[in-house]
$ cat input_2.txt   # compact mmCIF, C-alpha atoms and all ligand atoms
# COMPACT_ATOMS: atom_id res chain seq x y z
CA MET C 1 -48.64 -34.53 28.72
CA ASP C 2 -50.62 -37.11 30.62
CA ILE C 3 -51.06 -39.92 28.10
CA ASP C 4 -54.43 -40.76 29.62
CA VAL C 5 -55.84 -37.54 28.18
CA GLU C 6 -57.35 -37.50 24.73
CA VAL C 7 -55.02 -38.39 21.88
CA ASP C 8 -55.72 -36.49 18.69
CA ARG C 9 -57.05 -38.30 15.68
CA SER C 10 -54.02 -37.85 13.46
CA THR C 11 -51.79 -39.40 16.14
CA GLN C 12 -54.18 -42.34 16.42
CA GLN C 13 -54.14 -42.76 12.65
CA ALA C 14 -50.33 -42.57 12.62
CA LEU C 15 -50.17 -45.37 15.20
CA PHE C 16 -52.66 -47.50 13.24
CA GLU C 17 -50.49 -46.93 10.16
CA ARG C 18 -47.38 -48.14 12.03
CA VAL C 19 -49.25 -51.28 13.16
CA ARG C 20 -50.16 -51.99 9.57
CA ARG C 21 -46.73 -51.17 8.20
CA HIS C 22 -44.93 -53.49 10.59
CA THR C 23 -47.41 -56.37 10.88
CA GLY C 24 -50.12 -56.05 8.22
CA ILE C 25 -52.70 -55.94 11.02
CA VAL C 26 -55.54 -53.56 10.21
CA MET C 27 -56.88 -51.56 13.14
CA THR C 28 -59.83 -49.19 12.98
CA ASP C 29 -61.13 -46.62 15.46
CA ARG C 30 -62.89 -49.18 17.63
CA LYS C 31 -59.52 -50.81 18.34
CA TRP C 32 -58.08 -47.60 19.73
CA ALA C 33 -58.85 -48.44 23.37
CA LEU C 34 -57.09 -51.79 22.96
CA LEU C 35 -54.03 -50.28 21.29
CA HIS C 36 -53.86 -47.40 23.75
CA GLY C 37 -54.12 -49.82 26.68
CA ARG C 38 -51.19 -51.84 25.36
CA LEU C 39 -48.91 -48.96 24.35
CA ARG C 40 -49.52 -46.74 27.37
CA ARG C 41 -47.43 -48.94 29.64
CA ARG C 42 -44.59 -48.95 27.12
CA LEU C 43 -44.55 -45.15 27.12
CA GLN C 44 -44.44 -45.16 30.89
CA THR C 45 -41.54 -47.63 30.88
CA LEU C 46 -39.67 -45.41 28.41
CA ALA C 47 -40.60 -42.26 30.38
CA LEU C 48 -41.98 -40.69 27.22
CA ALA C 49 -44.46 -37.87 27.55
CA ASP C 50 -46.68 -38.57 24.58
CA TYR C 51 -47.26 -40.62 21.44
CA ARG C 52 -45.50 -38.11 19.20
CA ASP C 53 -42.27 -38.90 21.04
CA TYR C 54 -43.03 -42.58 20.72
CA LEU C 55 -43.67 -42.30 16.97
CA ALA C 56 -40.31 -40.54 16.59
CA LEU C 57 -38.63 -43.35 18.54
CA LEU C 58 -40.27 -45.97 16.31
CA GLU C 59 -38.91 -44.21 13.22
CA GLY C 60 -35.41 -43.94 14.61
CA GLU C 61 -34.81 -47.15 16.53
CA ALA C 62 -35.21 -50.50 14.85
CA GLU C 63 -35.08 -52.26 18.21
CA GLU C 64 -38.24 -50.48 19.35
CA VAL C 65 -40.11 -51.91 16.36
CA GLY C 66 -39.66 -55.37 17.90
CA HIS C 67 -41.20 -54.23 21.20
CA PHE C 68 -44.00 -52.53 19.28
CA ILE C 69 -44.77 -55.75 17.37
CA ASP C 70 -44.82 -57.75 20.61
CA LEU C 71 -47.33 -55.28 22.06
CA VAL C 72 -49.70 -54.91 19.13
CA THR C 73 -50.09 -58.60 18.30
CA THR C 74 -52.72 -60.76 19.99
CA ASN C 75 -51.12 -64.07 20.88
CA GLU C 76 -53.97 -66.04 22.40
CA THR C 77 -53.68 -69.77 21.75
CA THR C 78 -54.25 -73.16 23.38
CA PHE C 79 -53.14 -76.76 22.98
CA PHE C 80 -55.34 -78.70 20.53
CA ARG C 81 -57.40 -75.61 19.74
CA THR C 82 -60.52 -76.48 17.67
CA PRO C 83 -60.84 -80.23 18.39
CA ARG C 84 -62.32 -81.21 15.02
CA ILE C 85 -59.12 -80.17 13.25
CA TRP C 86 -57.09 -82.55 15.39
CA ASP C 87 -59.64 -85.29 14.72
CA TYR C 88 -59.23 -84.64 11.00
CA LEU C 89 -55.44 -84.77 11.25
CA LYS C 90 -55.49 -87.96 13.28
CA GLN C 91 -58.20 -89.84 11.44
CA SER C 92 -57.79 -88.72 7.83
CA PHE C 93 -54.74 -86.66 7.06
CA LEU C 94 -52.02 -88.63 8.84
CA PRO C 95 -52.93 -92.17 7.81
CA GLU C 96 -53.55 -91.08 4.20
CA TRP C 97 -50.34 -89.07 3.97
CA ALA C 98 -48.20 -91.80 5.54
CA GLU C 99 -49.67 -94.40 3.19
CA LYS C 100 -48.97 -92.30 0.09
CA HIS C 101 -45.53 -91.01 1.07
CA ARG C 102 -43.66 -93.93 2.56
CA GLY C 103 -40.05 -93.01 3.28
CA SER C 104 -40.68 -89.23 3.08
CA THR C 105 -40.61 -86.72 5.92
CA LEU C 106 -43.84 -84.79 6.51
CA GLN C 107 -43.06 -81.06 6.41
CA VAL C 108 -45.34 -79.00 8.65
CA TRP C 109 -45.52 -75.25 9.15
CA SER C 110 -47.27 -73.67 12.11
CA ALA C 111 -47.35 -70.28 10.43
CA ALA C 112 -48.58 -68.04 13.25
CA ALA C 113 -47.23 -70.21 16.02
CA SER C 114 -47.57 -67.79 18.93
CA SER C 115 -46.12 -69.38 22.09
CA GLY C 116 -45.86 -72.84 20.50
CA GLU C 117 -48.94 -74.71 21.72
CA GLU C 118 -50.11 -75.40 18.15
CA GLY C 119 -46.71 -76.77 17.04
CA TYR C 120 -46.32 -78.94 20.12
CA SER C 121 -49.89 -80.23 19.69
CA CYS C 122 -48.79 -81.40 16.23
CA ALA C 123 -45.64 -82.95 17.69
CA MET C 124 -47.59 -84.84 20.37
CA LEU C 125 -50.15 -86.07 17.84
CA PHE C 126 -47.40 -87.19 15.44
CA GLU C 127 -45.46 -88.94 18.21
CA GLU C 128 -48.63 -90.88 19.06
CA PHE C 129 -48.98 -91.82 15.40
CA ARG C 130 -45.38 -93.03 15.38
CA LEU C 131 -46.22 -95.58 18.06
CA THR C 132 -48.12 -97.52 15.41
CA HIS C 133 -46.15 -96.23 12.36
CA PRO C 134 -42.51 -96.25 13.53
CA LEU C 135 -41.15 -95.30 10.08
CA PHE C 136 -43.18 -92.07 10.00
CA ARG C 137 -40.96 -88.94 10.09
CA TYR C 138 -41.91 -85.27 10.38
CA ARG C 139 -40.41 -81.80 10.77
CA ILE C 140 -42.32 -78.86 12.20
CA LEU C 141 -41.37 -75.24 11.65
CA GLY C 142 -43.10 -72.73 13.94
CA THR C 143 -42.91 -69.07 12.95
CA ASP C 144 -44.39 -65.86 14.27
CA ILE C 145 -43.72 -62.16 13.85
CA SER C 146 -43.41 -61.61 17.60
CA SER C 147 -40.03 -62.53 19.04
CA GLN C 148 -41.41 -62.47 22.58
CA VAL C 149 -43.82 -65.36 21.99
CA LEU C 150 -41.14 -67.27 20.09
CA ARG C 151 -38.90 -67.17 23.14
CA ASP C 152 -41.73 -68.88 25.07
CA ALA C 153 -42.24 -71.36 22.24
CA SER C 154 -38.55 -72.28 22.16
CA ALA C 155 -38.46 -72.63 25.95
CA GLY C 156 -41.42 -75.04 25.74
CA ILE C 157 -42.44 -74.39 29.34
CA TYR C 158 -46.12 -73.98 30.14
CA GLN C 159 -48.23 -73.26 33.16
CA GLY C 160 -51.60 -71.84 34.15
CA ARG C 161 -54.69 -71.93 31.96
CA ASN C 162 -53.14 -73.54 28.87
CA LEU C 163 -51.46 -76.31 30.83
CA GLU C 164 -54.69 -76.96 32.71
CA GLY C 165 -56.56 -77.09 29.41
CA LEU C 166 -54.18 -79.77 28.14
CA ARG C 167 -54.53 -81.70 31.38
CA ARG C 168 -58.32 -81.72 30.96
CA SER C 169 -58.51 -82.40 27.22
CA HIS C 170 -55.53 -84.77 26.74
CA PRO C 171 -54.37 -86.15 30.11
CA ALA C 172 -52.46 -89.04 28.52
CA MET C 173 -50.52 -86.64 26.27
CA LEU C 174 -49.64 -84.50 29.25
CA GLU C 175 -48.43 -87.57 31.08
CA ARG C 176 -46.26 -88.70 28.15
CA TYR C 177 -44.95 -85.44 26.69
CA MET C 178 -44.73 -82.97 29.57
CA ARG C 179 -42.21 -83.09 32.36
CA MET C 180 -43.89 -81.55 35.38
CA GLN C 181 -41.87 -79.41 37.76
CA GLY C 182 -44.35 -78.22 40.37
CA GLU C 183 -46.91 -76.04 38.60
CA ARG C 184 -44.91 -75.88 35.37
CA GLY C 185 -44.71 -78.38 32.56
CA GLU C 186 -41.78 -78.60 30.16
CA MET C 187 -42.18 -80.29 26.79
CA ALA C 188 -40.32 -83.61 26.84
CA PRO C 189 -37.46 -84.29 24.38
CA ALA C 190 -39.62 -86.55 22.17
CA ALA C 191 -42.01 -83.66 21.46
CA ARG C 192 -39.16 -81.20 20.85
CA ALA C 193 -36.83 -83.27 18.69
CA SER C 194 -38.47 -82.41 15.36
CA ILE C 195 -39.65 -78.84 15.94
CA SER C 196 -37.92 -75.50 15.56
CA PHE C 197 -39.08 -71.91 15.85
CA ARG C 198 -38.03 -68.71 14.17
CA GLN C 199 -39.26 -65.26 13.41
CA HIS C 200 -41.08 -64.64 10.16
CA ASN C 201 -43.50 -62.06 8.80
CA LEU C 202 -46.23 -63.78 6.80
CA PHE C 203 -46.18 -61.00 4.20
CA LYS C 204 -42.63 -61.97 3.25
CA PRO C 205 -41.41 -65.10 1.47
CA LEU C 206 -40.22 -67.92 3.68
CA LEU C 207 -36.44 -67.63 3.41
CA GLU C 208 -35.41 -71.18 2.70
CA PRO C 209 -37.05 -73.03 -0.16
CA ALA C 210 -39.83 -75.13 1.35
CA ARG C 211 -42.38 -77.67 0.21
CA MET C 212 -44.70 -77.78 3.16
CA ASP C 213 -47.18 -80.67 3.13
CA LEU C 214 -49.30 -79.20 5.92
CA VAL C 215 -49.69 -75.58 6.93
CA LEU C 216 -51.61 -74.38 9.97
CA LEU C 217 -52.47 -70.73 9.37
CA ARG C 218 -55.01 -70.30 12.08
CA ASN C 219 -56.52 -67.29 13.78
CA VAL C 220 -54.25 -64.81 12.08
CA LEU C 221 -55.98 -63.99 8.76
CA ILE C 222 -58.75 -62.28 10.77
CA TYR C 223 -56.34 -59.46 11.60
CA PHE C 224 -55.72 -58.56 7.94
CA ASP C 225 -57.98 -56.99 5.30
CA GLU C 226 -58.90 -58.95 2.17
CA ALA C 227 -55.93 -57.68 0.17
CA GLY C 228 -53.65 -58.60 3.08
CA GLN C 229 -55.19 -62.05 3.36
CA GLU C 230 -54.65 -62.68 -0.34
CA ALA C 231 -51.05 -61.44 -0.13
CA VAL C 232 -50.31 -63.72 2.83
CA LEU C 233 -52.01 -66.71 1.21
CA ALA C 234 -49.97 -66.17 -1.98
CA GLN C 235 -46.74 -66.24 0.07
CA VAL C 236 -47.86 -69.29 2.03
CA ARG C 237 -48.78 -71.11 -1.15
CA LYS C 238 -45.31 -70.55 -2.59
CA ALA C 239 -43.87 -72.45 0.39
CA MET C 240 -46.24 -75.41 -0.04
CA ALA C 241 -46.03 -78.67 -1.90
CA PRO C 242 -48.56 -79.05 -4.73
CA GLY C 243 -51.59 -80.73 -3.17
CA GLY C 244 -50.46 -79.68 0.34
CA ILE C 245 -53.09 -79.05 2.98
CA LEU C 246 -53.88 -75.66 4.54
CA ILE C 247 -55.85 -75.34 7.76
CA ILE C 248 -57.36 -72.04 8.85
CA GLY C 249 -59.08 -70.84 12.02
CA GLU C 250 -62.69 -71.29 13.06
CA SER C 251 -63.80 -67.75 12.29
CA GLU C 252 -61.94 -67.58 8.98
CA SER C 253 -62.91 -68.46 5.43
CA LEU C 254 -61.30 -68.28 2.01
CA THR C 255 -64.52 -68.29 0.02
CA ARG C 256 -64.49 -64.58 -0.88
CA LEU C 257 -60.81 -64.54 -1.69
CA ASN C 258 -58.87 -65.09 -4.86
CA THR C 259 -56.42 -67.85 -3.93
CA GLY C 260 -55.00 -71.02 -5.38
CA PHE C 261 -56.60 -73.14 -2.66
CA GLU C 262 -59.56 -75.44 -3.12
CA PHE C 263 -62.10 -76.17 -0.41
CA MET C 264 -62.02 -79.69 1.02
CA GLN C 265 -64.10 -79.39 4.17
CA PRO C 266 -64.73 -76.56 6.65
CA LEU C 267 -61.37 -75.04 7.66
CA VAL C 268 -59.43 -77.42 5.40
CA TYR C 269 -58.14 -76.43 1.94
CA ARG C 270 -55.83 -77.98 -0.61
CA ASN C 271 -53.11 -76.21 -2.58
CA ARG C 272 -54.33 -76.60 -6.13
CA VAL C 273 -51.95 -78.42 -8.41
CA THR C 274 -51.29 -76.13 -11.34
CA THR C 275 -50.16 -77.55 -14.63
CA HIS C 276 -48.08 -75.36 -16.92
CA ALA C 277 -48.65 -75.68 -20.67
C1 LIG K 301 -54.22 -65.37 17.86
S1 LIG K 301 -52.60 -65.97 17.57
C2 LIG K 301 -52.95 -67.54 16.81
C3 LIG K 301 -52.04 -68.64 17.32
C4 LIG K 301 -52.35 -70.04 16.78
N1 LIG K 301 -52.17 -70.11 15.35
C5 LIG K 301 -53.74 -70.48 17.16
O1 LIG K 301 -54.61 -70.54 16.29
O2 LIG K 301 -53.99 -70.74 18.34
C6 LIG K 301 -52.10 -64.96 16.18
C7 LIG K 301 -50.59 -64.91 15.99
O3 LIG K 301 -50.31 -64.32 14.71
C8 LIG K 301 -49.12 -63.56 14.83
N2 LIG K 301 -49.03 -62.60 13.72
C9 LIG K 301 -49.73 -61.47 13.54
N3 LIG K 301 -49.35 -60.84 12.42
C10 LIG K 301 -48.38 -61.62 11.86
C11 LIG K 301 -47.59 -61.50 10.69
N4 LIG K 301 -47.71 -60.47 9.84
N5 LIG K 301 -46.69 -62.47 10.43
C12 LIG K 301 -46.55 -63.53 11.28
N6 LIG K 301 -47.27 -63.69 12.41
C13 LIG K 301 -48.18 -62.74 12.69
C14 LIG K 301 -49.22 -62.93 16.19
O4 LIG K 301 -47.98 -62.52 16.70
C15 LIG K 301 -49.89 -64.04 17.04
O5 LIG K 301 -48.96 -64.77 17.76

$ encode --input "input_2.txt" --output "C-alpha cells" --more "lines below"
Ligand SMILES: C[S@@+](CC[C@H](N)C(=O)[O-])C[C@H]1O[C@@H](n2cnc3c(N)ncnc32)[C@H](O)[C@@H]1O
Amino acid sequence: MDIDVEVDRSTQQALFERVRRHTGIVMTDRKWALLHGRLRRRLQTLALADYRDYLALLEGEAEEVGHFIDLVTTNETTFFRTPRIWDYLKQSFLPEWAEKHRGSTLQVWSAAASSGEEGYSCAMLFEEFRLTHPLFRYRILGTDISSQVLRDASAGIYQGRNLEGLRRSHPAMLERYMRMQGERGEMAPAARASISFRQHNLFKPLLEPARMDLVLLRNVLIYFDEAGQEAVLAQVRKAMAPGGILIIGESESLTRLNTGFEFMQPLVYRNRVTTHA
C-alpha cells in the first residue's frame, strides 16, 4: 500500500492512542497531517507497507517506542525563551533565594528540557550571578521524554537559528559561555559543570527523592488535556520543596486546574506549603 493514500479512521485513532499511551500527548483529527508527515518517513526507512504493520511493530519492539516518541514530540525551544521570565529570575528570584538560603545549593529542574537551551540559559544566568555572589551554588537537572533531544542537550553543541538568537539577545553570554568552532558553539565547562540530563516521563514520579526549589515546566502542558495536566502537576509537585517556584510557558495557565500551586504573577506559581494536623 502506498502510505500516501488515505489511512482509515480506526488506524488514525489507533496511532493517536499510541501517542497518548507513550507520551500523554493528546492529538485530535486536525493533528493527523502533522503526525502522518512525521511517521511516513519512518515507515519508509523501515520499508513497511502501511500503518498496520507499524502498529504491530510498536506493540512488539520496545526499541521502536523510543523512535516513535522522538518523532511525535515537538521539541522547539530557544535560549532565554520568554525574556520576562529571565528578568524575573535575575531580578527577584535569585537575589531573594540566595539571601534566604545561604550555604544551600539551589536545586533546579528543567522538566521538559528538549535540546538543553533552557537548562543552559539557567546555567549561564546563575554563573553571572555567581560573579557577584561567589558562595552561591546550584544544580540543574534537565529531563525530557525524547532521548534524541537529550543526546543534543548532553552534547551541548549548538548552531543555526538558536545560536544566532543567543548571539543577538545575549552577546556577552555567548562570548563567555560558548566556545566557537566555526559555525558551531559548544557550551563552556563553567556552564556545564552543574547540569545533567536524563530521560524522564512527566507522568511518572521522579526516581530519586528531590526537593526542587525551581521548576521550569514550560511549553509542554499545552500538549496534554486537563486531566493530564493535573496528573503531571501532581507528580512535579511531589518533587518540589515546599514554597518552591514553578514557571510555565507563555500560552499556559493553571487557573482552571486543581493543583497545589498558588499564583504569584503571570507564568510564576508557588508550591503551596501544606500543614498537616
Ligand atoms: C516545545 S518543547 C519545550 C522545551 C522548553 N521547555 C521550552 O519551553 O523551550 C516540549 C518538550 O516536552 C517534551 N515532552 C512531551 N511530552 C513529555 C512527557 N510526557 N514527559 C516529558 N517530556 C515530554 C518533548 O519531548 C519536548 O522536548

$ atom_distance --input "input_2.txt" --atom1 "atom CA of C:Arg81" --atom2 "atom CA of C:Gln229"
21.4 Å

$ closest_residue --input "input_2.txt" --among "C:Leu202, C:Met124, C:Ala56, C:Leu135" --to "ligand LIG 301 (chain K)" --atoms "only C-alpha atoms and all ligand atoms"
C:Leu202

$ closest_residue --input "input_2.txt" --among "C:Gly119, C:Gly243, C:Pro209, C:Pro189" --to "ligand LIG 301 (chain K)" --atoms "all atoms listed in the file"
C:Gly119

$ residues_near_ligand --input "input_2.txt" --ligand "ligand LIG 301 (chain K)" --cutoff "7 Å" --atoms "only C-alpha atoms and all ligand atoms" --output "JSON, numbers by chain"
{"C": [23, 24, 25, 70, 73, 74, 75, 76, 77, 78, 81, 110, 111, 112, 113, 114, 115, 118, 143, 144, 145, 146, 149, 200, 201, 202, 203, 216, 217, 218, 219, 220, 249]}

$ residues_around --input "input_2.txt" --residues "C:Glu183" --least-positions-apart "4" --cutoff "12 Å" --atoms "all atoms listed in the file" --output "short mmCIF file (atom, residue, chain, number, x, y, z; two decimals) with C-alpha atoms, keeping the file's coordinate frame"
data_model
loop_
_atom_site.label_atom_id
_atom_site.label_comp_id
_atom_site.auth_asym_id
_atom_site.auth_seq_id
_atom_site.Cartn_x
_atom_site.Cartn_y
_atom_site.Cartn_z
CA ILE C 157 -42.44 -74.39 29.34
CA TYR C 158 -46.12 -73.98 30.14
CA GLN C 159 -48.23 -73.26 33.16
CA GLY C 160 -51.60 -71.84 34.15
CA ARG C 161 -54.69 -71.93 31.96
CA ASN C 162 -53.14 -73.54 28.87
CA LEU C 163 -51.46 -76.31 30.83
CA GLU C 164 -54.69 -76.96 32.71
CA ARG C 167 -54.53 -81.70 31.38
CA MET C 178 -44.73 -82.97 29.57
CA ARG C 179 -42.21 -83.09 32.36
#

$ residues_near_point --input "input_2.txt" --point "(-39.7, -87.9, 9.3)" --cutoff "12 Å" --atoms "all atoms listed in the file" --output "count of residues only"
26

$ residues_near_point --input "input_2.txt" --point "(-58.0, -85.3, 15.4)" --cutoff "12 Å" --atoms "all atoms listed in the file" --output "PDB file with C-alpha atoms, in the frame of the given file"
ATOM      1  CA  PHE C  80     -55.340 -78.700  20.530  1.00  0.00           C
ATOM      2  CA  ARG C  81     -57.400 -75.610  19.740  1.00  0.00           C
ATOM      3  CA  THR C  82     -60.520 -76.480  17.670  1.00  0.00           C
ATOM      4  CA  PRO C  83     -60.840 -80.230  18.390  1.00  0.00           C
ATOM      5  CA  ARG C  84     -62.320 -81.210  15.020  1.00  0.00           C
ATOM      6  CA  ILE C  85     -59.120 -80.170  13.250  1.00  0.00           C
ATOM      7  CA  TRP C  86     -57.090 -82.550  15.390  1.00  0.00           C
ATOM      8  CA  ASP C  87     -59.640 -85.290  14.720  1.00  0.00           C
ATOM      9  CA  TYR C  88     -59.230 -84.640  11.000  1.00  0.00           C
ATOM     10  CA  LEU C  89     -55.440 -84.770  11.250  1.00  0.00           C
ATOM     11  CA  LYS C  90     -55.490 -87.960  13.280  1.00  0.00           C
ATOM     12  CA  GLN C  91     -58.200 -89.840  11.440  1.00  0.00           C
ATOM     13  CA  SER C  92     -57.790 -88.720   7.830  1.00  0.00           C
ATOM     14  CA  PHE C  93     -54.740 -86.660   7.060  1.00  0.00           C
ATOM     15  CA  LEU C  94     -52.020 -88.630   8.840  1.00  0.00           C
ATOM     16  CA  PRO C  95     -52.930 -92.170   7.810  1.00  0.00           C
ATOM     17  CA  SER C 121     -49.890 -80.230  19.690  1.00  0.00           C
ATOM     18  CA  CYS C 122     -48.790 -81.400  16.230  1.00  0.00           C
ATOM     19  CA  MET C 124     -47.590 -84.840  20.370  1.00  0.00           C
ATOM     20  CA  LEU C 125     -50.150 -86.070  17.840  1.00  0.00           C
ATOM     21  CA  PHE C 126     -47.400 -87.190  15.440  1.00  0.00           C
ATOM     22  CA  GLU C 128     -48.630 -90.880  19.060  1.00  0.00           C
ATOM     23  CA  PHE C 129     -48.980 -91.820  15.400  1.00  0.00           C
ATOM     24  CA  HIS C 170     -55.530 -84.770  26.740  1.00  0.00           C
TER      25      HIS C 170
END

$ axis_aligned_box --input "input_2.txt" --around "stretch 103-109 of chain C" --padding-each-side "6 Å" --output "lines of an AutoDock Vina configuration file"
center_x = -42.8
center_y = -84.1
center_z = 6.1
size_x = 17.5
size_y = 29.8
size_z = 18.1

$ closest_residue --input "input_2.txt" --among "C:Leu207, C:Ala188, C:Met27, C:Ala49" --to "C:Arg176" --atoms "all atoms listed in the file"
C:Ala188

$ atom_distance --input "input_2.txt" --atom1 "atom CA of C:Asn258" --atom2 "atom CA of C:Glu230"
6.6 Å

$ build_atoms --input "input_2.txt" --residues "stretch 191-200 of chain C" --atoms "all heavy atoms" --output "PDB file, in the frame of the given file"
ATOM      1  N   ALA C 191     -41.130 -84.625  22.127  1.00  0.00           N
ATOM      2  CA  ALA C 191     -42.010 -83.660  21.460  1.00  0.00           C
ATOM      3  C   ALA C 191     -41.234 -82.459  20.928  1.00  0.00           C
ATOM      4  O   ALA C 191     -41.784 -81.625  20.223  1.00  0.00           O
ATOM      5  CB  ALA C 191     -43.085 -83.187  22.450  1.00  0.00           C
ATOM      6  N   ARG C 192     -39.956 -82.362  21.265  1.00  0.00           N
ATOM      7  CA  ARG C 192     -39.160 -81.200  20.850  1.00  0.00           C
ATOM      8  C   ARG C 192     -38.191 -81.543  19.736  1.00  0.00           C
ATOM      9  O   ARG C 192     -37.679 -80.649  19.063  1.00  0.00           O
ATOM     10  CB  ARG C 192     -38.305 -80.688  22.015  1.00  0.00           C
ATOM     11  CG  ARG C 192     -39.058 -80.420  23.262  1.00  0.00           C
ATOM     12  CD  ARG C 192     -38.105 -79.971  24.338  1.00  0.00           C
ATOM     13  NE  ARG C 192     -37.712 -78.614  24.090  1.00  0.00           N
ATOM     14  CZ  ARG C 192     -37.895 -77.632  24.956  1.00  0.00           C
ATOM     15  NH1 ARG C 192     -38.416 -77.856  26.132  1.00  0.00           N
ATOM     16  NH2 ARG C 192     -37.532 -76.411  24.669  1.00  0.00           N
ATOM     17  N   ALA C 193     -37.936 -82.845  19.560  1.00  0.00           N
ATOM     18  CA  ALA C 193     -36.830 -83.270  18.690  1.00  0.00           C
ATOM     19  C   ALA C 193     -37.011 -82.798  17.248  1.00  0.00           C
ATOM     20  O   ALA C 193     -36.031 -82.527  16.564  1.00  0.00           O
ATOM     21  CB  ALA C 193     -36.685 -84.790  18.748  1.00  0.00           C
ATOM     22  N   SER C 194     -38.248 -82.683  16.786  1.00  0.00           N
ATOM     23  CA  SER C 194     -38.470 -82.410  15.360  1.00  0.00           C
ATOM     24  C   SER C 194     -39.144 -81.066  15.144  1.00  0.00           C
ATOM     25  O   SER C 194     -39.835 -80.868  14.141  1.00  0.00           O
ATOM     26  CB  SER C 194     -39.319 -83.531  14.753  1.00  0.00           C
ATOM     27  OG  SER C 194     -38.677 -84.765  14.928  1.00  0.00           O
ATOM     28  N   ILE C 195     -38.979 -80.141  16.075  1.00  0.00           N
ATOM     29  CA  ILE C 195     -39.650 -78.840  15.940  1.00  0.00           C
ATOM     30  C   ILE C 195     -38.626 -77.725  16.130  1.00  0.00           C
ATOM     31  O   ILE C 195     -37.706 -77.859  16.948  1.00  0.00           O
ATOM     32  CB  ILE C 195     -40.818 -78.728  16.963  1.00  0.00           C
ATOM     33  CG1 ILE C 195     -41.705 -77.525  16.685  1.00  0.00           C
ATOM     34  CG2 ILE C 195     -40.346 -78.701  18.392  1.00  0.00           C
ATOM     35  CD1 ILE C 195     -43.047 -77.577  17.435  1.00  0.00           C
ATOM     36  N   SER C 196     -38.774 -76.675  15.347  1.00  0.00           N
ATOM     37  CA  SER C 196     -37.920 -75.500  15.560  1.00  0.00           C
ATOM     38  C   SER C 196     -38.773 -74.253  15.343  1.00  0.00           C
ATOM     39  O   SER C 196     -39.812 -74.307  14.680  1.00  0.00           O
ATOM     40  CB  SER C 196     -36.719 -75.517  14.606  1.00  0.00           C
ATOM     41  OG  SER C 196     -37.181 -75.568  13.281  1.00  0.00           O
ATOM     42  N   PHE C 197     -38.319 -73.156  15.921  1.00  0.00           N
ATOM     43  CA  PHE C 197     -39.080 -71.910  15.850  1.00  0.00           C
ATOM     44  C   PHE C 197     -38.177 -70.800  15.339  1.00  0.00           C
ATOM     45  O   PHE C 197     -37.002 -70.739  15.678  1.00  0.00           O
ATOM     46  CB  PHE C 197     -39.601 -71.523  17.248  1.00  0.00           C
ATOM     47  CG  PHE C 197     -40.623 -72.472  17.782  1.00  0.00           C
ATOM     48  CD1 PHE C 197     -40.262 -73.510  18.636  1.00  0.00           C
ATOM     49  CD2 PHE C 197     -41.963 -72.356  17.410  1.00  0.00           C
ATOM     50  CE1 PHE C 197     -41.202 -74.398  19.123  1.00  0.00           C
ATOM     51  CE2 PHE C 197     -42.909 -73.252  17.888  1.00  0.00           C
ATOM     52  CZ  PHE C 197     -42.524 -74.272  18.748  1.00  0.00           C
ATOM     53  N   ARG C 198     -38.774 -69.923  14.528  1.00  0.00           N
ATOM     54  CA  ARG C 198     -38.030 -68.710  14.170  1.00  0.00           C
ATOM     55  C   ARG C 198     -38.984 -67.611  13.709  1.00  0.00           C
ATOM     56  O   ARG C 198     -40.146 -67.871  13.379  1.00  0.00           O
ATOM     57  CB  ARG C 198     -36.951 -68.998  13.143  1.00  0.00           C
ATOM     58  CG  ARG C 198     -37.412 -69.418  11.800  1.00  0.00           C
ATOM     59  CD  ARG C 198     -36.167 -69.469  10.894  1.00  0.00           C
ATOM     60  NE  ARG C 198     -36.556 -69.896   9.569  1.00  0.00           N
ATOM     61  CZ  ARG C 198     -37.219 -69.120   8.725  1.00  0.00           C
ATOM     62  NH1 ARG C 198     -37.570 -67.891   9.029  1.00  0.00           N
ATOM     63  NH2 ARG C 198     -37.541 -69.594   7.527  1.00  0.00           N
ATOM     64  N   GLN C 199     -38.428 -66.416  13.715  1.00  0.00           N
ATOM     65  CA  GLN C 199     -39.260 -65.260  13.410  1.00  0.00           C
ATOM     66  C   GLN C 199     -39.518 -65.162  11.904  1.00  0.00           C
ATOM     67  O   GLN C 199     -38.622 -65.417  11.100  1.00  0.00           O
ATOM     68  CB  GLN C 199     -38.547 -63.994  13.889  1.00  0.00           C
ATOM     69  CG  GLN C 199     -39.470 -62.790  13.874  1.00  0.00           C
ATOM     70  CD  GLN C 199     -38.790 -61.572  14.461  1.00  0.00           C
ATOM     71  OE1 GLN C 199     -37.577 -61.455  14.397  1.00  0.00           O
ATOM     72  NE2 GLN C 199     -39.570 -60.678  15.021  1.00  0.00           N
ATOM     73  N   HIS C 200     -40.729 -64.789  11.580  1.00  0.00           N
ATOM     74  CA  HIS C 200     -41.080 -64.640  10.160  1.00  0.00           C
ATOM     75  C   HIS C 200     -42.340 -63.786  10.055  1.00  0.00           C
ATOM     76  O   HIS C 200     -43.294 -63.977  10.804  1.00  0.00           O
ATOM     77  CB  HIS C 200     -41.337 -66.028   9.538  1.00  0.00           C
ATOM     78  CG  HIS C 200     -41.906 -65.961   8.158  1.00  0.00           C
ATOM     79  ND1 HIS C 200     -41.170 -65.512   7.078  1.00  0.00           N
ATOM     80  CD2 HIS C 200     -43.128 -66.269   7.670  1.00  0.00           C
ATOM     81  CE1 HIS C 200     -41.935 -65.552   5.994  1.00  0.00           C
ATOM     82  NE2 HIS C 200     -43.124 -66.009   6.331  1.00  0.00           N
TER      83      HIS C 200
END
